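**Student:** One structure, as structure tokens, below. Some questions next.
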Amino acid sequence: MSGRELFCQPRRVRRGAALTLVFAGLLVTGAATGAFPDPGQSDRKTPTGAARTGAAHEDVAKAAADAMADGKSPMEAAERAVSRSGDRWAAVYSEGEYQEFEDALDGQYTGVGLWTRRTADGRIDVAKVQAGSPAAAAGIRKGDRLRSVDGEDVDGRPVTDVVSLLRGDATDARAGTTVTLGLERGTRAWSETLRRALLSTDSVTVRKPAAGITVIKVSAFTRGSGELVRTAVRQAPADGGIVLDLRGNSGGLVSEAVTAASAFLDGGLVATYDVDGAERSLHAEPGGDTARPLVALVDGGTMSAAEMLTGALQDRGRAVVLGSRTFGKGSIQMPTRLPDGSVAELTVGHYRTPSGHAVDGRGITPDLEVSSGALERAETVLSGLGDPS
């Protein structure tokens with residue numbers, strides 16, 4: 001198991017999704033104005049007190065306001081109200097935590113630039129160092145052993161806990177704060193104090209593992225990722241196949257997922273959704289590549305906007321979906337700013353694939369279930385050496 005600093009879930013958010021399904025420019029703005037704007041808008045607005053809908057939002061907001069009036073914690077009161085709501089996707093974020101999500105959706109994160117992995121004997125090793133990061137500047141290398149973070153021994157701990165320590169989640173650490181790492185390389189043991197920085201992510205990567213095959217890996221739908229997918233498709237060899245790797249994609253901005261769908265569809269329906277009973281739909285732009293063979297790779301970590309894209313490609317017969325059943329996060333959350341600056345997000349609706357399949361709690365079943373060697377099997381399907389049925 002390995003982890004990167006970007007999508008580690010803050011301590012109060014682990015019961016919910018790492019990145020909730022946010023209809024960028026649709027939900028927050030629409031709730032504030034009473035009308036839902038065009039789905040093509042992609043700017044996620046900061047939530048305001050007006051950005052809420054339904055009795056559950058009113059109950060949470062009232063609980064927070066009453067607590068503040070009594071000199072108590074609005075956030076804690078909101079968390080209690082959320083727990084009583086029965087909404088499994090609802091969550092309350094501190095102001096700092098919510099800003100982290102905003103940064104993540106912009107393709108940024110606060111950290112030192114390390115990927116870590118846990119070995120079979122429980123030790124934590126550096127799996128990768130981001131170029132240009134504080135860790136890289138300090139000379140930390142892939143393969144170095146991470147012994148401690150700010151004096152806390154990390155041996156045997158889950159990777160998610162280690163990543164949380166690196167990011168400083170417990171203190172809502174921002175860029176410029178320091179973290180001290182205990183490291184080991186061969187017989188050398190030393191400590192390194194680094195300053196966290198706001199770093200950029202590579203949410204879309206492209207590689208060509210074999211002749212005639214282009215693998216487009218999308219780790220999250222951050223701002224600009226949809227256009228990066230379209231560019232990768234345009235630049236792929238015209239006579240080759242494409243593997244769209246959505247494994248471990250925890251979602252992000254739905255507008256970006258719709259743009260990505262437009263790379264492979266010539267217009268048409270991507271998904272339908274409801275918000276407090278109001279039915280809406282999302283459509284791809286015309287002009288996408290509908291001819292090149294396409295395999296979409298998914299797994300249990302494929303969530304939210306990534307599931308929406310998968311469902312559209314599968315229902316419309318555009319891709320062979322390969323892997324394991326997806327997570328099953330098909331609900332829509334809307335944020336409400338609370339009096340102390342914290343943010344509550346509650347479910348207001350659900351989306352469905354073009355054929356009407358409800359994803360929430362069910363996920364998407366691949367056309368071809370594969371538990372291991374998924375990429376190799378995808379290459380076989382694309383090459384025509386295997387049977388995709």
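Following the order of the structure tokens, first chain is A, next is B, and so on, with residues numbered from 1 inside each chain and ligands from 1 in the order they appear.
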Quick one: everything within 6 Å of region 98-114 of chain A, counting only C-alpha atoms, minus sequence neighbours fewer than 4 positions away in the same chain. Send it as a VMD selection string.
**Tutor:** chain A and resid 6 93 129 to 130 133 to 135 167 175 196 to 201 222 to 223
**Student:** Based on the selection just made, write N, CA and C atoms of those residues as a PDB file, in the first residue's frame.
**Tutor:**
```pdb
ATOM      1  N   LEU A   6      -1.467  14.342  -1.146  1.00  0.00           N
ATOM      2  CA  LEU A   6      -2.592  15.119  -1.657  1.00  0.00           C
ATOM      3  C   LEU A   6      -3.932  14.701  -1.108  1.00  0.00           C
ATOM      4  N   TYR A  93     -16.273  20.180   8.003  1.00  0.00           N
ATOM      5  CA  TYR A  93     -14.859  20.466   7.828  1.00  0.00           C
ATOM      6  C   TYR A  93     -14.488  21.737   8.590  1.00  0.00           C
ATOM      7  N   VAL A 129       9.758  10.943  -4.770  1.00  0.00           N
ATOM      8  CA  VAL A 129       9.974  12.321  -4.327  1.00  0.00           C
ATOM      9  C   VAL A 129       9.604  13.242  -5.483  1.00  0.00           C
ATOM     10  N   GLN A 130       8.742  14.201  -5.228  1.00  0.00           N
ATOM     11  CA  GLN A 130       8.315  15.116  -6.287  1.00  0.00           C
ATOM     12  C   GLN A 130       9.419  16.100  -6.624  1.00  0.00           C
ATOM     13  N   SER A 133      10.291  19.836  -5.007  1.00  0.00           N
ATOM     14  CA  SER A 133       9.628  19.923  -3.701  1.00  0.00           C
ATOM     15  C   SER A 133      10.639  20.147  -2.592  1.00  0.00           C
ATOM     16  N   PRO A 134      10.171  20.510  -1.375  1.00  0.00           N
ATOM     17  CA  PRO A 134      11.100  20.636  -0.250  1.00  0.00           C
ATOM     18  C   PRO A 134      11.868  19.347   0.024  1.00  0.00           C
ATOM     19  N   ALA A 135      11.211  18.199  -0.139  1.00  0.00           N
ATOM     20  CA  ALA A 135      11.905  16.924   0.082  1.00  0.00           C
ATOM     21  C   ALA A 135      13.024  16.724  -0.923  1.00  0.00           C
ATOM     22  N   ARG A 167       1.457  15.975   6.354  1.00  0.00           N
ATOM     23  CA  ARG A 167       0.683  17.149   5.969  1.00  0.00           C
ATOM     24  C   ARG A 167       0.379  18.068   7.152  1.00  0.00           C
ATOM     25  N   ALA A 175       1.159  26.098   4.333  1.00  0.00           N
ATOM     26  CA  ALA A 175       2.466  26.268   3.721  1.00  0.00           C
ATOM     27  C   ALA A 175       3.326  27.181   4.590  1.00  0.00           C
ATOM     28  N   ARG A 196       6.809  22.996   4.815  1.00  0.00           N
ATOM     29  CA  ARG A 196       5.766  22.605   3.877  1.00  0.00           C
ATOM     30  C   ARG A 196       5.543  23.709   2.853  1.00  0.00           C
ATOM     31  N   ALA A 197       5.140  23.298   1.659  1.00  0.00           N
ATOM     32  CA  ALA A 197       4.923  24.255   0.573  1.00  0.00           C
ATOM     33  C   ALA A 197       3.641  23.895  -0.165  1.00  0.00           C
ATOM     34  N   LEU A 198       3.093  24.845  -0.888  1.00  0.00           N
ATOM     35  CA  LEU A 198       1.944  24.597  -1.745  1.00  0.00           C
ATOM     36  C   LEU A 198       2.481  24.058  -3.064  1.00  0.00           C
ATOM     37  N   LEU A 199       2.223  22.794  -3.329  1.00  0.00           N
ATOM     38  CA  LEU A 199       2.795  22.106  -4.474  1.00  0.00           C
ATOM     39  C   LEU A 199       1.726  21.777  -5.508  1.00  0.00           C
ATOM     40  N   SER A 200       2.125  21.684  -6.749  1.00  0.00           N
ATOM     41  CA  SER A 200       1.204  21.337  -7.832  1.00  0.00           C
ATOM     42  C   SER A 200       1.211  19.835  -8.049  1.00  0.00           C
ATOM     43  N   THR A 201       0.072  19.333  -8.490  1.00  0.00           N
ATOM     44  CA  THR A 201      -0.060  17.905  -8.733  1.00  0.00           C
ATOM     45  C   THR A 201      -0.127  17.621 -10.226  1.00  0.00           C
ATOM     46  N   THR A 222      -9.282  17.453 -11.133  1.00  0.00           N
ATOM     47  CA  THR A 222      -8.964  18.808 -10.692  1.00  0.00           C
ATOM     48  C   THR A 222      -9.196  19.773 -11.851  1.00  0.00           C
ATOM     49  N   ARG A 223      -9.119  21.060 -11.557  1.00  0.00           N
ATOM     50  CA  ARG A 223      -9.347  22.061 -12.600  1.00  0.00           C
ATOM     51  C   ARG A 223      -8.342  21.898 -13.732  1.00  0.00           C
TER      52      ARG A 223
END
```
**Student:** So which bits of region 88-302 of chain A end up strand (DSSP E) when you DSSP the backbone, as a ChimeraX atom specification?
**Tutor:** /A:91-93,108-111,114-118,124-129,145-149,152-153,178-185,188-195,197-200,204-210,213-218,241-245,268-275,278-284,294-298
**Student:** Need the shell around Ser203 (chain A): protein/DNA/RNA residues with any atom at most 9 Å away, counting only C-alpha atoms. Skip same-chain ones fewer than 4 positions apart. Format as a list in words?
**Tutor:** Gly107, Lys217, Val218, Ser219, Ala220, Phe221, Thr222 and Ser225 of chain A
**Student:** I need the residues from that last selection saved to file as a compact mmCIF listing (two decimals), in the first residue's frame (with N, CA and C atoms), if you can.
**Tutor:**
```txt
# COMPACT_ATOMS: atom_id res chain seq x y z
N GLY A 107 -5.69 21.49 -8.10
CA GLY A 107 -4.49 20.74 -8.47
C GLY A 107 -3.30 21.10 -7.59
N LYS A 217 -3.77 8.21 -17.51
CA LYS A 217 -4.10 8.00 -16.10
C LYS A 217 -4.64 9.31 -15.51
N VAL A 218 -5.85 9.26 -14.96
CA VAL A 218 -6.45 10.43 -14.32
C VAL A 218 -6.62 10.11 -12.85
N SER A 219 -5.84 10.75 -11.99
CA SER A 219 -5.87 10.45 -10.56
C SER A 219 -6.99 11.21 -9.85
N ALA A 220 -7.41 12.34 -10.40
CA ALA A 220 -8.51 13.12 -9.83
C ALA A 220 -8.94 14.16 -10.85
N PHE A 221 -10.20 14.59 -10.75
CA PHE A 221 -10.69 15.59 -11.68
C PHE A 221 -10.52 16.98 -11.08
N THR A 222 -9.28 17.45 -11.13
CA THR A 222 -8.96 18.81 -10.69
C THR A 222 -9.20 19.77 -11.85
N SER A 225 -8.12 19.29 -15.72
CA SER A 225 -7.81 17.91 -16.04
C SER A 225 -8.59 17.42 -17.26
```
**Student:** Please return, as an MDAnalysis selection string, all residues of region 187-241 of chain A that DSSP assigns to alpha helix (DSSP H) on the basis of the backbone.
**Tutor:** chainID A and resid 225:235
**Student:** Which residues are close to Lys62 (chain A), i.e. within 9 Å by only C-alpha atoms, leaving aside same-chain residues fewer than 5 positions away? Reply as a list of chain:residue names.
**Tutor:**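 Once the nearby chain positions are removed, what remains is A:His57, A:Ala67, A:Ala78.
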